[in-house]
Each structure stands twice: as structure tokens, then as C-alpha cells.
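Asker: Can you read through this structure? Questions will come right after.
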Amino acid sequence: MTAADERLRRYPFNLSEGLEIDPAYAEARSAPGLLRVQLPFGEPAWLATRYEDARFVLGDRRFSRAMAAERDEPRNQPYRRPGGILSMDPPDHTRLRVLVAGAFTVRRVEKLRPWVREIANRLIDDMFTAGPPVDLVEAFALPLPVQVICELLGVPVADRSRFRVWSDALLSTSSLTAAEFARVDGELRAYMADLVVARRAEPAEDLMSALIAARAEDGDRLSEAELIDLCIAVLVAGHETTATQIPNFAHVLLARPTLYRGLHDEPDRVPAAVEELMRFVPLGAGAGFARYATEDVEVGGVLVRAGEPVMAAIGSANRDESRFPDAAQVRFDRPDTAHLGFGHGVHHCLGAPLARLELQEALLALTSRLPGLREAGEPVWKTQMIVRGPRHMPVAW
Amino acid sequence: MSWTVRVDATACMGSGVCAGSRPDVFRLAGRHSEAVRAAVPPDDAVLDVADTCPASAITVTDETGAEIGPRP
Ligand code: HEM
Ligand code: SF4
């Protein structure tokens, strides 16, 4: 067993602006053991920075998310959102996940491709009509996933500006007090509860109606609160991350014009490009959602004691040279694309197949129709957010 | 009486959902999942895991050879 570096470091390391990855990660990966980190709120945690360690912690059943509820969970915000699928362990977690999994399998999602392609192309048409410069975030990156997830879930697209405000607040690390977070959370819950009541009276062909039917069939499988929580999780997780990755991908590619041009010339490489960019872009400002050891477990040469939290630094794991040679380079010809950008284990991103499809269609539409795309000024970065990316990104072509 | 569990390695995307949920039935071997043992006692929870596979890579058949998971 290697001696761990027990110095407690303030975390997260990364600045929230830009997509740089802090050198502290590379240093930690090459040193033995795990790091000890202190987030702005909650108890200290272990931080796993290497690929193998991060994947192990995310995938091993001996690590629990549910246990976080009984503890002072390490976090970026004063408020703790109670419940939710990301706070559950199997078998409870499986009970909920099985109700939504069918809507997001590769097979089901692939059927949506023509529709998503049409949305992407219509947004590009609108960009042409408006003329340059346009804000890629407002004109393209945000409306694409919002429209997709709203229609799949059964939330009116017209309410976009309302839930944007709530979802922004819930994902922020800003100076909102616990009471302010709770108020925002309560508003979003009330909004979703109203939608569920309306949909119950008048079902439609959407995921919300399917969940309502599952609850009607067997109330023990899904409580009303769980139903509402699941819809919120799908709505918030289903648009914010994708909307942030689209401009991130564009930003990385436009700084490497041969790669952007290469996708214009060879659109077949778009799926590989999406995997590589998912690996390369450290989306999270830092690791989140600590896992608690339910028994003593060795991780990266450190004995993590039962009851101690470990955080998996996905952005760092994806830059681990021992897994991805030349990790700091963007290359679309990697033989190994098993990145952790969608997580791993039971909480592996529910929407990964959908997100992949949206990112592929977004890159395809941009590179095929706007071969001369360029940034028209500096992006305005989000600040104090759990995910990093441009809030506005002026582009021309 | 027992059911048979199979993982299609060409479809599996290595998400780790199955092995994380039921390590007694599934394990990751490198990039892909495999069944720990092909034969398992009948257990609806295994059907649930088959349903949650994002790649629809897990199939469960009953003793007659009929496919019972993933459920449609
Ligand atoms: C590029 C876009 C996306 C990225 C980078 C992303 C990333 C992630 C990651 C890393 C996790 C695991 C978190 C953890 O284990 O700590 C996760 C979970 C999740 N994601 Fe995504 N996601 C994206 C898009 C989506 C979409 C489109 C949906 C829509 C359904 C979605 C829904 C969820 C849900 C519900 C969970 C929790 C799953 C569970 O606890 O079982 N995500 N996502
Ligand atoms: S859940 Fe499916 S895709 Fe994920 S590891 Fe298991 S078999 Fe592979």
C-alpha cells in the first residue's frame, strides 16, 4: 500500500472559464495514491484522478450514492437537492431506471435521427436568414436539445425561458443561499407537478405519459414524487449538458481548422469526432456526486475506509496517458474511445445514446453547411456553473 | 429450472450499468460485459437489468429457449 498524500487541497482546481484542465491533475495522476480534497461545502473527500481508479469507483457496487443522503456530502452548493435517480443505489435505482431506459436505448433513439437532422438544418436555415454574426448558443446549441427533450418528455417548448432560469440556477455554484436554491427547486417541482396533472387528464405519445401510465398500473413502482423528480432529471440533464457541449466542440474544432475542414470533407468521421471530443473536453468544472464506500476498499493504492467519500475526476481520467496515449491531442483515429464522458456503472448517462445522436447531427449540420464557420470574437464563458462552456459564442461564416 | 443470460459483445458499449447493478450476474471483461455464469435462477430483477441496457445487448431466455428479456 502506497502512502497517500494527505494534504487537504481546495477543490475544484479548474477555473470555470475556458476549457483548460488544471496541471494539478497530471501531477496527481503520476503520483501514487489519491488526493484529499475539500469542496466549498461538505466533508473532505478522496479524489481519484487516474482512468482505472475513476472507472473502478464509478462501476463498483461497493460504492454508494444513497449513503450521501446521511452524510455531509462534498458539494459546490450550500443546498442539497433531496432524492433523484442519481442519489439511489440498486435495487431502488434499477426500479426507476427501468421505467425510462427503454426510451433512450440506441435502437429507439436511432429512429429519431431524421427528425433531429431536420431540426438542426432548420436552425441553420434561420442562421442564414439572420446573417452573421450570430450567437451559436442561442441560435443553435440551445434550441436543438431543448426542442428534442421537450417533445420526447412532453414539456411545452414555449416554456423554455421559464425552465431555463430554474435549470441555470440549480446547476450554478453561485452565491445563491440554501433558501434561494430551495425556492428555485420548489418552483421547478411545482411547474412539473402541474404538467403531470394536465398530462394525466390528457395523455399523449410522450415519456411523461408513459411514466404516468406505469404509476397508474402499479403505484408501488413509482411514487408521485419520484415521477416528478424523474421528469425534472430528464429535462435538466437532457438539455443543459448537450447545449454546452455543442459550442465546446465548435470551440475546440475552430481552434484546429484542419480538423473542422476534415469533417466537412469526410462526414463519415463525425461519430469518431464526437467520441474524441467527449473525451477531450473537460466539461465539469470538477468532479461531482461523491461515492461512499460501504466497506473498506482499496483504490489506487489507498485503503478507503467504509463511510468515506471518493470523487471520480472524469475530465482527468479522460486525459490519462496510460489509457489514451497523446491524451492532450485531439485525434479522430484513436483505436480506444472508451472515455468516461458519460460516466460509468449504474449511473452511466441515461441519455448517452440521445446525446451522441444530437452531437453527431449538430456537428454534421455545422460542418456540412457552414464550412467557413469561425468565431467572431471571444466567447463569453459561463461562470460559477457546474458545467463549463460558452454562455454566448459569436460566430460568422 | 434456470434462465440463460447472454451479452452480445459487438453491441455492448461497456457502460457498466449491468455489472454495477448485479455483479453476481454480470462482470466487465476489458471493454465489454459478460455473464458471470450463463445459467441463472429465474429472477425478474435480471430482466430489469436487461431492460436497462442502453445497447439492448443483454438477452435472457427461459428454459424453453424463448426470449423473455429485454421486454418490448
Ligand atoms: C453531452 C451531453 C451529456 C453529458 C456529457 C452527460 C453526462 C452525464 C454523466 C457524466 C452522468 C453520470 C453522473 C455520475 O455518475 O456522477 C450522467 C447521468 C445522467 N444523465 Fe447525462 N449527459 C448528457 C446528456 C444527457 C441527456 C440528453 C439526458 C436525457 C435523458 C441525460 C440524462 C441523464 C440522467 C437522467 C442521468 C442520471 C442517471 C442515473 O442516475 O442512473 N443526460 N450524464
Ligand atoms: S448494460 Fe449493456 S452496454 Fe452496458 S456494459 Fe452491460 S451489456 Fe454492455
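Identifiers in this document derive from the order of the C-alpha cells: chains are assigned A, B, ..., residues are numbered from 1 separately in each chain, and ligands are numbered from 1 in order of occurrence.
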Could the residues of chain A within 7 Å of chain B, counting only C-alpha atoms, be given as a ChimeraX atom specification, please?
Answerer: /A:59-61,90,94,97-98,101-102,104-106,344-348
Asker: Just N, CA, C and O atoms for this one: save the residues we selected as a compact mmCIF listing (two decimals), in the first residue's frame.
Answerer:
```
# COMPACT_ATOMS: atom_id res chain seq x y z
N GLY A 59 -17.94 2.21 -11.09
CA GLY A 59 -18.57 0.97 -11.52
C GLY A 59 -18.76 -0.09 -10.45
O GLY A 59 -19.48 -1.06 -10.67
N ASP A 60 -18.15 0.09 -9.29
CA ASP A 60 -18.18 -0.99 -8.30
C ASP A 60 -19.32 -0.80 -7.31
O ASP A 60 -19.49 0.26 -6.71
N ARG A 61 -20.04 -1.88 -7.13
CA ARG A 61 -21.24 -1.86 -6.30
C ARG A 61 -20.96 -1.50 -4.83
O ARG A 61 -21.85 -1.11 -4.09
N PRO A 90 -28.82 0.50 -6.59
CA PRO A 90 -29.64 -0.68 -6.87
C PRO A 90 -30.02 -1.35 -5.56
O PRO A 90 -29.25 -1.27 -4.62
N THR A 94 -32.51 0.65 -9.96
CA THR A 94 -32.94 -0.14 -11.13
C THR A 94 -34.45 0.00 -11.34
O THR A 94 -34.91 0.12 -12.48
N ARG A 97 -34.83 3.28 -13.06
CA ARG A 97 -34.12 3.37 -14.35
C ARG A 97 -34.83 2.55 -15.43
O ARG A 97 -34.88 2.95 -16.58
N VAL A 98 -35.39 1.40 -15.02
CA VAL A 98 -36.03 0.53 -15.99
C VAL A 98 -37.26 1.22 -16.61
O VAL A 98 -37.61 0.97 -17.76
N ALA A 101 -35.46 3.69 -19.20
CA ALA A 101 -34.36 3.22 -20.06
C ALA A 101 -34.81 2.94 -21.49
O ALA A 101 -34.11 3.27 -22.45
N GLY A 102 -36.01 2.36 -21.62
CA GLY A 102 -36.48 1.96 -22.94
C GLY A 102 -36.58 3.10 -23.93
O GLY A 102 -36.40 2.92 -25.13
N PHE A 104 -34.54 5.49 -24.23
CA PHE A 104 -33.24 6.07 -24.58
C PHE A 104 -32.22 5.03 -25.07
O PHE A 104 -31.03 5.30 -25.09
N THR A 105 -32.69 3.83 -25.44
CA THR A 105 -31.72 2.86 -25.97
C THR A 105 -31.24 3.32 -27.34
O THR A 105 -31.91 4.12 -28.02
N VAL A 106 -30.08 2.82 -27.74
CA VAL A 106 -29.52 3.14 -29.05
C VAL A 106 -30.57 2.87 -30.13
O VAL A 106 -30.80 3.69 -31.03
N HIS A 344 -19.88 6.03 -15.81
CA HIS A 344 -19.70 4.59 -15.88
C HIS A 344 -20.50 3.96 -14.76
O HIS A 344 -20.71 4.57 -13.73
N GLY A 345 -20.90 2.70 -14.96
CA GLY A 345 -21.62 2.00 -13.90
C GLY A 345 -23.11 2.28 -13.92
O GLY A 345 -23.64 2.74 -14.93
N VAL A 346 -23.76 2.05 -12.80
CA VAL A 346 -25.24 2.11 -12.81
C VAL A 346 -25.77 3.49 -13.19
O VAL A 346 -26.84 3.60 -13.77
N HIS A 347 -25.01 4.56 -12.90
CA HIS A 347 -25.50 5.90 -13.24
C HIS A 347 -24.99 6.37 -14.59
O HIS A 347 -25.16 7.55 -14.94
N HIS A 348 -24.35 5.48 -15.34
CA HIS A 348 -23.92 5.84 -16.71
C HIS A 348 -25.06 6.59 -17.38
O HIS A 348 -26.22 6.17 -17.34
```
Asker: For segment 203-212 of chain A, work out the shell of residues within 6 Å, counting only C-alpha atoms and skipping chain neighbours fewer than 5 positions away, then give it as a list in words.
Answerer: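 Residues near the query, excluding close chain neighbours: Leu152, Leu153 and Gly154 of chain A.
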Asker: Kindly compile the residues surrounding ligand 1 within 6 Å, counting only C-alpha atoms and all ligand atoms, and format them as an MDAnalysis selection string.
Answerer: chainID A and resid 85:86 233:234 237:239 241:242 245 289 341:343 346:352 354:355
Asker: Using the chain letters and numbers from this document, which residues of segment 205-309 of chain A does DSSP assign to strand (DSSP E), as a PyMOL selection string?
Answerer: chain A and resi 291-293+297-299+302-304+309
Asker: List as a PDB file with C-alpha atoms, in the first residue's frame the protein and nucleic acid residues near Asp268 of chain A, meaning an atom at most 12 Å away when only C-alpha atoms are counted, but skip any in the same chain fewer than 5 places from it.
Answerer:
```
ATOM      1  CA  GLY A 262     -11.692  17.456 -42.378  1.00  0.00           C
ATOM      2  CA  LEU A 263     -15.207  16.785 -41.101  1.00  0.00           C
ATOM      3  CA  ALA A 273     -15.042  13.048 -33.732  1.00  0.00           C
ATOM      4  CA  VAL A 274     -17.883  13.144 -31.198  1.00  0.00           C
ATOM      5  CA  PHE A 332     -10.140  11.188 -34.579  1.00  0.00           C
ATOM      6  CA  GLN A 360     -23.383  14.000 -34.279  1.00  0.00           C
ATOM      7  CA  GLU A 361     -26.227  15.748 -36.071  1.00  0.00           C
ATOM      8  CA  LEU A 363     -21.542  18.669 -35.984  1.00  0.00           C
ATOM      9  CA  LEU A 364     -22.787  17.304 -39.275  1.00  0.00           C
ATOM     10  CA  THR A 367     -19.531  21.314 -40.871  1.00  0.00           C
ATOM     11  CA  SER A 368     -21.557  20.457 -43.957  1.00  0.00           C
TER      12      SER A 368
END
```
Asker: Please provide as a ChimeraX atom specification all residues within 10 Å of Thr64 of chain B, with the sequence filter that same-chain residues fewer than 5 positions apart are discarded (counting only C-alpha atoms).
Answerer: /B:1-3
Asker: When you count only C-alpha atoms and all ligand atoms, which of these residues is closest to ligand 2: B:Asp62, B:Glu34, B:Asp44, B:Asp24?
Answerer: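 Comparing B:Asp62, B:Glu34, B:Asp44, B:Asp24 against ligand 2, the winner is B:Glu34.
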Asker: If DSSP is run on the backbone, what residues of segment 43-264 of chain A are helix (DSSP H, G or I)? A reply as a PyMOL selection string would be ideal.
Answerer: chain A and resi 51-59+66-70+85-87+92-104+106-110+113-130+136-141+143-153+157-170+178-201+207-217+224-254+257-264
Asker: At what distance in Å, to one decimal, does atom CA of Thr59 of chain B lie from atom 6 (Fe, counted along the ligand's line) of ligand 2?
Answerer: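 Going from atom 6 (Fe, counted along the ligand's line) of ligand 2 over to atom CA of Thr59 of chain B covers 10.7 Å.
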